[in-house]
$ cat work-v2.cif   # mmCIF, C-alpha atoms
data_upload
loop_
_atom_site.label_atom_id
_atom_site.label_comp_id
_atom_site.auth_asym_id
_atom_site.auth_seq_id
_atom_site.Cartn_x
_atom_site.Cartn_y
_atom_site.Cartn_z
CA MET A 1 26.77 -40.19 -1.30
CA LYS A 2 25.64 -36.56 -1.31
CA ARG A 3 22.00 -37.67 -1.33
CA PHE A 4 22.63 -40.04 1.55
CA VAL A 5 24.18 -37.23 3.65
CA TYR A 6 21.21 -35.00 2.76
CA LEU A 7 18.80 -37.74 3.86
CA ILE A 8 20.60 -38.15 7.18
CA PHE A 9 20.51 -34.37 7.65
CA VAL A 10 16.76 -34.24 7.00
CA LEU A 11 16.14 -37.13 9.41
CA ILE A 12 18.15 -35.37 12.13
CA ILE A 13 16.19 -32.14 11.61
CA VAL A 14 12.85 -33.98 11.69
CA ASN A 15 13.91 -35.93 14.74
CA SER A 16 15.02 -32.84 16.64
CA CYS A 17 11.85 -30.88 15.74
CA LYS A 18 9.42 -33.57 16.76
CA GLU A 19 10.42 -33.54 20.42
CA VAL A 20 9.03 -30.04 21.04
CA PHE A 21 6.04 -30.70 23.28
CA GLU A 22 3.04 -28.55 24.09
CA ILE A 23 2.88 -26.82 27.46
CA PRO A 24 -0.16 -27.55 29.67
CA PRO A 25 -3.05 -25.09 29.90
CA GLN A 26 -3.84 -23.37 33.22
CA ALA A 27 -7.05 -22.11 34.71
CA PHE A 28 -7.09 -18.84 36.71
CA VAL A 29 -9.74 -16.90 38.58
CA GLN A 30 -9.95 -13.53 36.92
CA ALA A 31 -10.97 -10.74 39.31
CA SER A 32 -11.80 -7.18 38.17
CA PHE A 33 -11.45 -4.19 40.50
CA LEU A 34 -14.36 -1.77 40.73
CA ASN A 35 -15.23 1.25 42.82
CA SER A 36 -18.12 0.20 45.06
CA SER A 37 -19.78 3.64 44.79
CA THR A 38 -19.44 4.45 41.13
CA LYS A 39 -19.21 0.80 39.94
CA ALA A 40 -16.48 1.96 37.57
CA ALA A 41 -13.36 -0.07 36.83
CA ILE A 42 -10.34 1.12 38.75
CA SER A 43 -6.64 0.41 38.86
CA GLN A 44 -5.06 -0.64 42.11
CA LYS A 45 -1.52 -1.14 43.31
CA VAL A 46 -1.65 -4.76 44.34
CA THR A 47 0.54 -7.28 46.10
CA ALA A 48 -0.86 -10.79 46.42
CA TRP A 49 0.32 -14.09 47.82
CA GLY A 50 -1.20 -17.40 48.66
CA SER A 51 -2.02 -18.07 52.28
CA GLY A 52 0.93 -19.96 53.76
CA GLN A 53 3.00 -19.58 50.60
CA GLU A 54 6.56 -18.40 50.66
CA TYR A 55 6.51 -16.66 47.29
CA LEU A 56 4.52 -13.62 46.20
CA TRP A 57 2.16 -14.13 43.31
CA VAL A 58 2.01 -10.43 42.36
CA LYS A 59 4.27 -7.71 43.77
CA ASP A 60 3.42 -3.98 43.77
CA SER A 61 1.72 -4.02 40.40
CA LEU A 62 -0.81 -1.48 39.19
CA LEU A 63 -3.66 -3.60 37.93
CA GLN A 64 -7.27 -3.31 36.81
CA LYS A 65 -7.75 -7.07 37.06
CA ILE A 66 -5.80 -9.94 38.52
CA LEU A 67 -5.46 -13.64 37.66
CA LEU A 68 -5.33 -15.91 40.68
CA PRO A 69 -4.36 -19.61 40.58
CA LEU A 70 -6.47 -22.00 42.65
CA SER A 71 -5.07 -25.02 44.44
CA SER A 72 -6.07 -28.63 43.77
CA ASN A 73 -7.72 -28.72 47.22
CA ASP A 74 -11.28 -27.49 47.70
CA THR A 75 -10.26 -24.27 49.43
CA THR A 76 -7.80 -21.60 48.29
CA SER A 77 -6.92 -18.48 50.26
CA PHE A 78 -5.18 -15.41 48.93
CA VAL A 79 -3.93 -12.43 50.85
CA ILE A 80 -4.20 -9.25 48.82
CA SER A 81 -2.71 -5.94 49.79
CA PHE A 82 -4.35 -2.86 48.26
CA ASP A 83 -2.03 0.07 48.88
CA SER A 84 -0.81 -1.57 52.10
CA LYS A 85 -4.30 -2.41 53.42
CA ILE A 86 -4.70 -6.15 53.53
CA ASP A 87 -7.64 -8.44 52.87
CA THR A 88 -7.94 -12.20 52.72
CA ILE A 89 -10.10 -13.88 50.11
CA THR A 90 -10.99 -17.55 50.50
CA PHE A 91 -12.41 -19.42 47.55
CA ILE A 92 -14.43 -22.54 48.22
CA HIS A 93 -14.48 -24.51 45.00
CA GLN A 94 -14.83 -27.85 43.32
CA THR A 95 -11.70 -29.07 41.58
CA MET A 96 -12.00 -31.01 38.34
CA GLN A 97 -9.09 -32.82 36.78
CA LYS A 98 -8.88 -32.36 33.02
CA PHE A 99 -6.79 -33.94 30.32
CA GLY A 100 -4.87 -31.51 28.09
CA SER A 101 -3.01 -33.80 25.73
CA MET A 102 -0.60 -36.69 25.96
CA GLU A 103 2.21 -34.13 25.64
CA SER A 104 1.04 -31.52 28.12
CA GLY A 105 -0.59 -33.92 30.55
CA PHE A 106 -3.30 -32.91 32.98
CA TYR A 107 -4.54 -29.66 34.44
CA PHE A 108 -7.30 -28.52 36.80
CA GLU A 109 -10.48 -26.57 36.24
CA TYR A 110 -12.72 -25.31 39.03
CA LYS A 111 -16.26 -24.40 39.94
CA LEU A 112 -16.57 -21.59 42.47
CA GLN A 113 -19.09 -22.40 45.17
CA SER A 114 -18.65 -19.46 47.53
CA ILE A 115 -16.17 -16.78 48.52
CA ASP A 116 -15.33 -15.58 52.01
CA TYR A 117 -13.43 -12.34 52.48
CA THR A 118 -12.43 -9.71 55.00
CA ASN A 119 -13.74 -6.15 54.68
CA ASN A 120 -10.72 -3.95 55.23
CA GLN A 121 -10.74 -2.66 51.67
CA ILE A 122 -13.09 -5.03 49.95
CA ASP A 123 -16.69 -3.88 50.07
CA SER A 124 -18.21 -6.88 48.35
CA ILE A 125 -17.50 -9.63 45.84
CA LEU A 126 -19.79 -10.75 43.04
CA ILE A 127 -19.33 -14.05 41.23
CA THR A 128 -20.01 -13.38 37.54
CA ASP A 129 -18.92 -16.76 36.22
CA SER A 130 -18.43 -19.66 38.60
CA LEU A 131 -16.59 -21.82 36.07
CA VAL A 132 -12.84 -21.28 36.13
CA THR A 133 -11.48 -22.82 32.95
CA LYS A 134 -8.45 -22.63 30.71
CA LYS A 135 -10.31 -19.96 28.72
CA TRP A 136 -9.74 -16.98 30.94
CA ASN A 137 -12.64 -14.63 31.47
CA GLU A 138 -13.96 -12.54 34.34
CA ASN A 139 -15.07 -14.76 37.21
CA ILE A 140 -15.53 -12.24 40.01
CA LYS A 141 -16.00 -8.48 40.50
CA LEU A 142 -14.15 -7.07 43.48
CA TYR A 143 -15.88 -3.92 44.74
CA LEU A 144 -13.48 -1.79 46.78
CA THR A 145 -14.59 0.91 49.21
CA PRO A 146 -14.08 4.44 47.79
CA SER A 147 -11.86 5.57 50.62
CA ALA A 148 -9.48 2.79 49.82
CA THR A 149 -9.52 3.22 46.06
CA GLY A 150 -6.40 5.23 45.72
CA GLY A 151 -6.16 4.30 42.05
CA ASN A 152 -8.14 5.77 39.13
CA MET B 153 -42.69 -18.28 -27.51
CA ARG B 154 -40.08 -19.41 -25.01
CA ILE B 155 -41.60 -22.92 -24.84
CA LEU B 156 -41.58 -23.10 -28.64
CA SER B 157 -37.92 -22.12 -28.87
CA PHE B 158 -37.01 -24.73 -26.23
CA THR B 159 -38.95 -27.38 -28.10
CA LEU B 160 -37.13 -26.52 -31.33
CA LEU B 161 -33.79 -26.66 -29.56
CA LEU B 162 -34.57 -30.06 -28.07
CA LEU B 163 -35.68 -31.37 -31.48
CA LEU B 164 -32.46 -30.09 -33.04
CA LEU B 165 -30.36 -31.80 -30.34
CA ALA B 166 -32.31 -35.02 -30.79
CA ALA B 167 -31.78 -34.91 -34.55
CA THR B 168 -28.02 -34.39 -34.26
CA SER B 169 -27.61 -37.15 -31.67
CA TYR B 170 -29.68 -39.54 -33.84
CA GLY B 171 -27.35 -38.85 -36.71
CA GLN B 172 -24.32 -39.88 -34.70
CA GLY B 173 -25.68 -43.33 -33.89
CA GLU B 174 -24.91 -45.34 -30.79
CA PRO B 175 -21.38 -44.92 -29.45
CA GLU B 176 -19.22 -48.00 -29.59
CA LYS B 177 -18.86 -49.70 -26.25
CA LYS B 178 -15.26 -50.10 -25.36
CA LEU B 179 -14.71 -53.48 -23.85
CA LYS B 180 -11.80 -53.93 -21.52
CA PRO B 181 -9.55 -56.60 -23.01
CA LYS B 182 -9.32 -59.73 -20.89
CA ARG B 183 -6.12 -60.19 -18.98
CA THR B 184 -3.70 -62.59 -20.55
CA ASP B 185 -2.04 -63.35 -17.20
CA ASN B 186 -5.00 -65.18 -15.80
CA TYR B 187 -2.97 -67.70 -13.85
CA ILE B 188 -1.54 -68.13 -10.35
CA ARG B 189 1.93 -66.57 -10.49
CA MET B 190 2.94 -67.04 -6.88
CA ARG B 191 2.85 -70.59 -5.61
CA GLY B 192 2.76 -71.08 -1.87
CA ILE B 193 2.66 -68.59 0.97
CA ARG B 194 4.75 -65.44 1.08
CA LEU B 195 5.93 -64.36 4.52
CA GLY B 196 7.06 -60.81 5.16
CA MET B 197 8.44 -58.44 7.74
CA ASP B 198 7.92 -54.70 7.80
CA VAL B 199 11.36 -53.20 8.32
CA THR B 200 10.03 -49.70 9.08
CA ARG B 201 8.17 -50.63 12.29
CA PRO B 202 11.20 -50.62 14.65
CA PHE B 203 12.22 -47.15 13.38
CA GLN B 204 8.94 -45.21 13.63
CA ASP B 205 10.58 -43.20 16.36
CA LEU B 206 12.37 -41.27 13.59
CA TRP B 207 9.20 -39.61 12.26
CA THR B 208 6.67 -39.75 15.10
CA LYS B 209 6.44 -37.69 18.27
CA GLY B 210 7.39 -39.72 21.29
CA ASN B 211 9.07 -43.09 21.16
CA ARG B 212 7.11 -45.45 18.90
CA TYR B 213 8.45 -48.82 17.88
CA GLY B 214 7.30 -52.33 17.15
CA SER B 215 7.40 -55.20 14.72
CA GLU B 216 5.04 -56.50 12.07
CA PHE B 217 4.84 -59.70 10.08
CA SER B 218 2.65 -60.65 7.19
CA ALA B 219 1.52 -63.62 5.16
CA ASP B 220 -0.14 -63.52 1.77
CA LEU B 221 -1.33 -66.07 -0.70
CA GLU B 222 -2.55 -65.74 -4.27
CA VAL B 223 -5.93 -67.42 -3.98
CA TRP B 224 -7.17 -66.51 -7.45
CA PRO B 225 -5.16 -65.07 -10.32
CA ASN B 226 -4.10 -61.54 -9.26
CA TRP B 227 -6.09 -61.71 -6.00
CA PHE B 228 -4.01 -62.09 -2.84
CA SER B 229 -5.47 -62.75 0.57
CA VAL B 230 -3.38 -61.05 3.24
CA PHE B 231 -2.93 -61.38 6.99
CA GLU B 232 -0.75 -58.92 8.91
CA SER B 233 -0.02 -58.94 12.61
CA GLY B 234 2.24 -57.00 14.90
CA TYR B 235 2.99 -55.44 18.24
CA GLU B 236 3.63 -51.77 18.90
CA VAL B 237 4.72 -49.63 21.82
CA MET B 238 4.33 -45.88 22.24
CA LYS B 239 6.14 -44.06 25.02
CA ILE B 240 5.92 -40.38 25.76
CA LYS B 241 7.93 -38.75 28.48
CA THR B 242 7.77 -35.01 28.93
CA GLU B 243 8.07 -32.69 31.93
CA PHE B 244 4.38 -33.27 32.56
CA ILE B 245 3.63 -36.89 31.77
CA ASP B 246 5.14 -40.35 31.49
CA TYR B 247 2.86 -42.45 29.27
CA THR B 248 3.07 -45.95 27.81
CA GLY B 249 0.60 -47.46 25.36
CA GLN B 250 1.17 -50.90 23.85
CA GLY B 251 -0.62 -53.80 22.29
CA SER B 252 -1.03 -56.23 19.46
CA TYR B 253 -2.92 -55.75 16.25
CA SER B 254 -3.94 -57.74 13.21
CA ARG B 255 -5.28 -56.97 9.78
CA ILE B 256 -7.01 -59.17 7.27
CA GLY B 257 -7.83 -58.25 3.72
CA PHE B 258 -6.82 -58.66 0.12
CA ASP B 259 -4.71 -57.10 -2.60
CA TYR B 260 -5.58 -56.91 -6.27
CA ASN B 261 -2.72 -56.75 -8.76
CA PHE B 262 -3.09 -54.28 -11.62
CA LEU B 263 0.19 -55.02 -13.28
CA GLN B 264 -0.10 -57.42 -16.20
CA ALA B 265 2.70 -59.96 -16.27
CA ALA B 266 4.91 -59.79 -19.35
CA HIS B 267 5.80 -63.48 -19.05
CA LYS B 268 5.25 -66.45 -16.75
CA ASN B 269 8.20 -65.68 -14.49
CA ASP B 270 7.27 -62.05 -14.01
CA LYS B 271 6.05 -61.89 -10.41
CA ASP B 272 6.17 -58.15 -9.77
CA VAL B 273 2.89 -56.66 -8.66
CA LEU B 274 1.35 -53.21 -8.39
CA PHE B 275 -1.63 -53.56 -6.15
CA PHE B 276 -4.56 -51.92 -4.50
CA GLY B 277 -5.67 -53.43 -1.21
CA LEU B 278 -8.27 -53.26 1.50
CA ARG B 279 -7.83 -54.27 5.12
CA TYR B 280 -9.86 -54.63 8.27
CA GLY B 281 -7.67 -53.99 11.29
CA PHE B 282 -8.26 -54.47 14.98
CA SER B 283 -6.18 -54.03 18.09
CA LEU B 284 -6.19 -55.13 21.69
CA ALA B 285 -4.10 -52.74 23.73
CA ARG B 286 -3.48 -51.19 27.10
CA GLN B 287 -2.22 -47.84 28.28
CA LYS B 288 -0.80 -46.52 31.49
CA VAL B 289 0.21 -43.15 32.87
CA ASN B 290 3.19 -44.06 34.99
CA GLN B 291 3.22 -40.57 36.46
CA TYR B 292 1.95 -37.08 35.74
CA TRP B 293 2.98 -33.73 37.14
CA VAL B 294 0.83 -30.62 37.30
CA ASP B 295 2.95 -27.62 38.08
CA SER B 296 1.27 -24.87 40.07
CA TYR B 297 1.94 -21.89 42.33
CA TRP B 298 0.60 -24.09 45.13
CA GLY B 299 3.22 -26.73 44.48
CA PRO B 300 3.35 -29.65 42.07
CA VAL B 301 0.57 -32.22 42.02
CA THR B 302 1.52 -35.74 40.96
CA GLY B 303 -0.46 -38.88 40.32
CA GLN B 304 -0.79 -41.89 38.07
CA PHE B 305 -3.32 -43.98 36.18
CA GLY B 306 -2.97 -47.75 36.15
CA ASN B 307 -3.39 -50.11 33.21
CA GLN B 308 -6.45 -49.48 31.06
CA ASN B 309 -7.39 -52.06 28.42
CA TYR B 310 -9.14 -51.15 25.21
CA PHE B 311 -10.17 -52.45 21.81
CA ALA B 312 -10.14 -50.55 18.54
CA HIS B 313 -10.88 -51.35 14.91
CA TRP B 314 -10.39 -49.56 11.63
CA GLY B 315 -10.27 -49.98 7.85
CA GLU B 316 -7.39 -49.40 5.48
CA PHE B 317 -7.00 -48.81 1.78
CA LEU B 318 -3.57 -49.06 0.30
CA LEU B 319 -1.53 -48.86 -2.83
CA GLY B 320 1.80 -50.59 -3.18
CA ILE B 321 4.29 -52.63 -5.10
CA LYS B 322 6.11 -55.89 -4.55
CA GLY B 323 9.02 -56.95 -6.69
CA GLU B 324 11.03 -60.15 -6.80
CA LEU B 325 14.66 -59.27 -6.12
CA PHE B 326 16.05 -62.79 -6.14
CA HIS B 327 14.40 -66.14 -6.57
CA ASN B 328 11.55 -66.21 -3.97
CA PHE B 329 12.83 -63.07 -2.21
CA TYR B 330 10.68 -59.97 -2.55
CA MET B 331 10.73 -56.38 -1.42
CA GLY B 332 7.91 -53.87 -1.50
CA TRP B 333 6.28 -50.81 -0.05
CA SER B 334 2.77 -49.57 0.46
CA VAL B 335 1.10 -46.26 1.26
CA ARG B 336 -1.92 -46.64 3.48
CA GLY B 337 -4.91 -44.54 4.44
CA LYS B 338 -6.45 -45.66 7.71
CA VAL B 339 -10.02 -44.82 8.69
CA LYS B 340 -11.00 -45.42 12.28
CA PHE B 341 -14.28 -47.21 12.90
CA ASN B 342 -14.39 -47.13 16.66
CA HIS B 343 -12.50 -47.61 19.89
CA LYS B 344 -13.43 -48.10 23.51
CA SER B 345 -13.93 -44.81 25.33
CA LEU B 346 -11.91 -44.31 28.45
CA TRP B 347 -12.68 -41.54 30.87
CA MET B 348 -9.25 -40.41 31.99
CA PRO B 349 -7.00 -40.26 30.14
CA PRO B 350 -8.72 -40.93 26.83
CA VAL B 351 -7.22 -43.53 24.48
CA TYR B 352 -4.17 -41.90 22.92
CA PHE B 353 -2.49 -44.56 20.85
CA ILE B 354 -3.88 -47.50 18.91
CA PRO B 355 -1.23 -50.05 17.89
CA GLY B 356 -1.26 -50.54 14.13
CA TYR B 357 -3.38 -47.44 13.62
CA GLY B 358 -1.68 -44.48 15.31
CA LYS B 359 -3.15 -41.54 17.20
CA ALA B 360 -6.62 -42.41 18.41
CA GLU B 361 -7.88 -38.82 18.35
CA LYS B 362 -7.54 -38.75 14.56
CA GLY B 363 -10.28 -40.24 12.41
CA PHE B 364 -7.83 -40.69 9.53
CA ASN B 365 -4.15 -41.62 9.61
CA LEU B 366 -1.68 -41.95 6.78
CA ASP B 367 1.10 -44.52 7.00
CA PHE B 368 3.63 -46.33 4.86
CA THR B 369 5.32 -49.69 5.07
CA TYR B 370 8.48 -51.13 3.57
CA SER B 371 8.75 -54.88 3.78
CA ILE B 372 10.90 -57.81 2.78
CA TYR B 373 9.31 -61.14 1.90
CA TYR B 374 10.14 -64.75 1.31
CA ASN B 375 7.90 -66.97 -0.74
CA ILE B 376 7.89 -70.48 0.71
CA PRO B 377 8.22 -72.61 -2.41
CA TRP B 378 5.60 -75.13 -1.41
CA ASP B 379 2.95 -75.65 -4.03
CA PHE B 380 0.04 -77.00 -2.08
CA ARG B 381 -2.24 -76.69 -5.10
CA LYS B 382 -0.19 -79.23 -7.00
CA LYS B 383 -0.54 -81.77 -4.19
CA LYS B 384 -4.21 -81.08 -3.89
CA SER B 385 -4.77 -81.55 -7.61
CA ALA B 386 -2.70 -84.75 -7.53
CA LYS B 387 -5.13 -86.23 -5.03
CA THR B 388 -8.18 -85.62 -7.21
CA PRO B 389 -9.28 -88.92 -8.77
CA GLU B 390 -9.12 -89.29 -12.51
CA ILE B 391 -12.35 -89.77 -14.37
CA LYS B 392 -12.37 -93.12 -16.24
CA LYS B 393 -13.74 -93.02 -19.72
#

$ encode --input "work-v2.cif" --output "structure tokens"
Amino acid sequence: MKRFVYLIFVLIIVNSCKEVFEIPPQAFVQASFLNSSTKAAISQKVTAWGSGQEYLWVKDSLLQKILLPLSSNDTTSFVISFDSKIDTITFIHQTMQKFGSMESGFYFEYKLQSIDYTNNQIDSILITDSLVTKKWNENIKLYLTPSATGGN
Amino acid sequence: MRILSFTLLLLLLAATSYGQGEPEKKLKPKRTDNYIRMRGIRLGMDVTRPFQDLWTKGNRYGSEFSADLEVWPNWFSVFESGYEVMKIKTEFIDYTGQGSYSRIGFDYNFLQAAHKNDKDVLFFGLRYGFSLARQKVNQYWVDSYWGPVTGQFGNQNYFAHWGEFLLGIKGELFHNFYMGWSVRGKVKFNHKSLWMPPVYFIPGYGKAEKGFNLDFTYSIYYNIPWDFRKKKSAKTPEIKK
């Protein structure tokens, strides 16, 4: 009887453990902030939100680089505030549907084709890696004008 | 000098081995149970198949039936067939894979019978398995800052085949009623490639992404007491002297 109870207990444990499923991977554009004059990495106080989105993506955070999620459409726009000066960055990209696993389902990866941006604080943008995958690495360098680079 | 010493060593080894003479060849004694022990066909049902949900991720269940026949003493031809369903429902995906499968092969009994009525077997077997199946993603959800993206993939049909090696036992509990288990190693040969999503589940085999799967079965059997050999032999004409 004791063995039977033990067996039931083990089966319950195994059964409860097996239903823990993997979470899906996500691909982000990783942007680094650099001083356009010195080309050195800088930290910036950043607030960012998606164009037309109700929720902020990042709020008043001091960052040297930022991860931005792209949409499943072919165009994604972000509004970024650098110490209260605002720029809009628009990514034109290809969206590729990928399969994670039968537990985590599907996710999207992207290929950056071009970037449009306003020049209030952004001096220029350089695409260093056009492939935006689940393995996060630097995709773009954001050169900010020295006058605007309040950070260090 | 070195060559000379090697030559001497080889000569010495040759001399000692010559002195020992040829080793006696051990001949395996012939089996004394060289007769058909199981008359007729044995039908079985794997009782573990409906409860695979207990040890596999997702909801896997099915049924499997088998038939085996002792064609030569200790050699059993086997046919197994079944149907399996695999369902996975998480926050991100609702998947169903299902299909039928069959296996053909043989078992060889190692266990020497102590007497004529001893029908217990300890066997090693080989199988060739194949499956015709279909899968469907009823719905998927990709959560994102930009809002959830949903979609689905309709029915996708595929074929898969694999090989199995197994070790097991079958014992007669009551007259003509048997029970037995087997442990199986399954090696995938191939399956049809699907673009999106890839084949996840192969009925009768398991996860398609794995090249090797381990499984076990626990079955009950009934031996139909119909001796077709007897009838066949009765028909053979007698030779007149």

$ resolve_selection --input "work-v2.cif" --expression "the PyMOL selection byres ((chain B and resi 339-350) around 6)" --output "JSON list (two decimals) with C-alpha atoms, keeping the file's coordinate frame"
[["chain", "number", "residue", "atom", "x", "y", "z"],
["B", 310, "TYR", "CA", -9.14, -51.15, 25.21],
["B", 311, "PHE", "CA", -10.17, -52.45, 21.81],
["B", 312, "ALA", "CA", -10.14, -50.55, 18.54],
["B", 313, "HIS", "CA", -10.88, -51.35, 14.91],
["B", 314, "TRP", "CA", -10.39, -49.56, 11.63],
["B", 315, "GLY", "CA", -10.27, -49.98, 7.85],
["B", 338, "LYS", "CA", -6.45, -45.66, 7.71],
["B", 351, "VAL", "CA", -7.22, -43.53, 24.48],
["B", 363, "GLY", "CA", -10.28, -40.24, 12.41],
["B", 364, "PHE", "CA", -7.83, -40.69, 9.53]]

$ axis_aligned_box --input "work-v2.cif" --around "region 115-126 of chain A" --padding-each-side "5 Å" --output "AutoDock Vina command-line options"
--center_x -15.3 --center_y -9.7 --center_z 49.1 --size_x 19.1 --size_y 24.1 --size_z 22.2

$ resolve_selection --input "work-v2.cif" --expression "the PyMOL selection byres ((chain A and resi 143) around 12)" --output "MDAnalysis selection string"
chainID A and resid 31:44 64:65 117 119:127 140:142 144:149

$ resolve_selection --input "work-v2.cif" --expression "the PyMOL selection byres ((chain B and resi 289-305) around 6)" --output "compact mmCIF listing (two decimals) with C-alpha atoms, in the coordinates of the input"
# COMPACT_ATOMS: atom_id res chain seq x y z
CA SER A 71 -5.07 -25.02 44.44
CA PHE B 244 4.38 -33.27 32.56
CA ILE B 245 3.63 -36.89 31.77
CA ASP B 246 5.14 -40.35 31.49
CA TYR B 247 2.86 -42.45 29.27
CA LYS B 288 -0.80 -46.52 31.49
CA GLY B 306 -2.97 -47.75 36.15

$ atom_distance --input "work-v2.cif" --atom1 "CA of Thr76 (chain A)" --atom2 "CA of Glu109 (chain A)"
13.3 Å

$ atom_distance --input "work-v2.cif" --atom1 "CA of Gln53 (chain A)" --atom2 "CA of Glu243 (chain B)"
23.4 Å

$ closest_residue --input "work-v2.cif" --among "A:Trp57, A:Gly52, A:Ile92, A:Asp87" --to "Asn73 (chain A)" --atoms "all atoms listed in the file"
A:Ile92

$ atom_distance --input "work-v2.cif" --atom1 "CA of Leu274 (chain B)" --atom2 "CA of Ser334 (chain B)"
9.7 Å

$ closest_residue --input "work-v2.cif" --among "B:Asp220, B:Asp205, B:Glu324, B:Glu236" --to "chain A" --atoms "all atoms listed in the file"
B:Asp205

$ closest_residue --input "work-v2.cif" --among "A:Gln97, A:Thr75, A:Ser61, A:Thr47" --to "Lys134 (chain A)" --atoms "only C-alpha atoms"
A:Gln97

$ residues_around --input "work-v2.cif" --residues "Val237 (chain B)" --least-positions-apart "4" --cutoff "10 Å" --atoms "all atoms listed in the file" --output "PyMOL selection string"
chain B and resi 202+211-215+248-252+285-287+353-356

$ closest_residue --input "work-v2.cif" --among "B:Asp198, B:Asp270, B:Asp259, B:Glu222" --to "Tyr235 (chain B)" --atoms "only C-alpha atoms"
B:Asp198

$ closest_residue --input "work-v2.cif" --among "B:Trp227, B:Tyr352, B:Ile372, B:Met197" --to "Val273 (chain B)" --atoms "all atoms listed in the file"
B:Trp227

$ closest_residue --input "work-v2.cif" --among "A:Ile80, A:Gly105, A:Leu68, A:Thr88" --to "chain B" --atoms "all atoms listed in the file"
A:Gly105

$ residues_around --input "work-v2.cif" --residues "Asn328 (chain B)" --least-positions-apart "2" --cutoff "9 Å" --atoms "all atoms listed in the file" --output "list of chain:residue names"
B:Arg194, B:Glu324, B:Leu325, B:Phe326, B:Tyr330, B:Tyr373, B:Tyr374, B:Asn375, B:Ile376, B:Pro377

$ residues_around --input "work-v2.cif" --residues "Phe91 (chain A)" --least-positions-apart "2" --cutoff "7 Å" --atoms "all atoms listed in the file" --output "JSON, numbers by chain"
{"A": [75, 76, 77, 89, 93, 112, 114, 115, 116]}
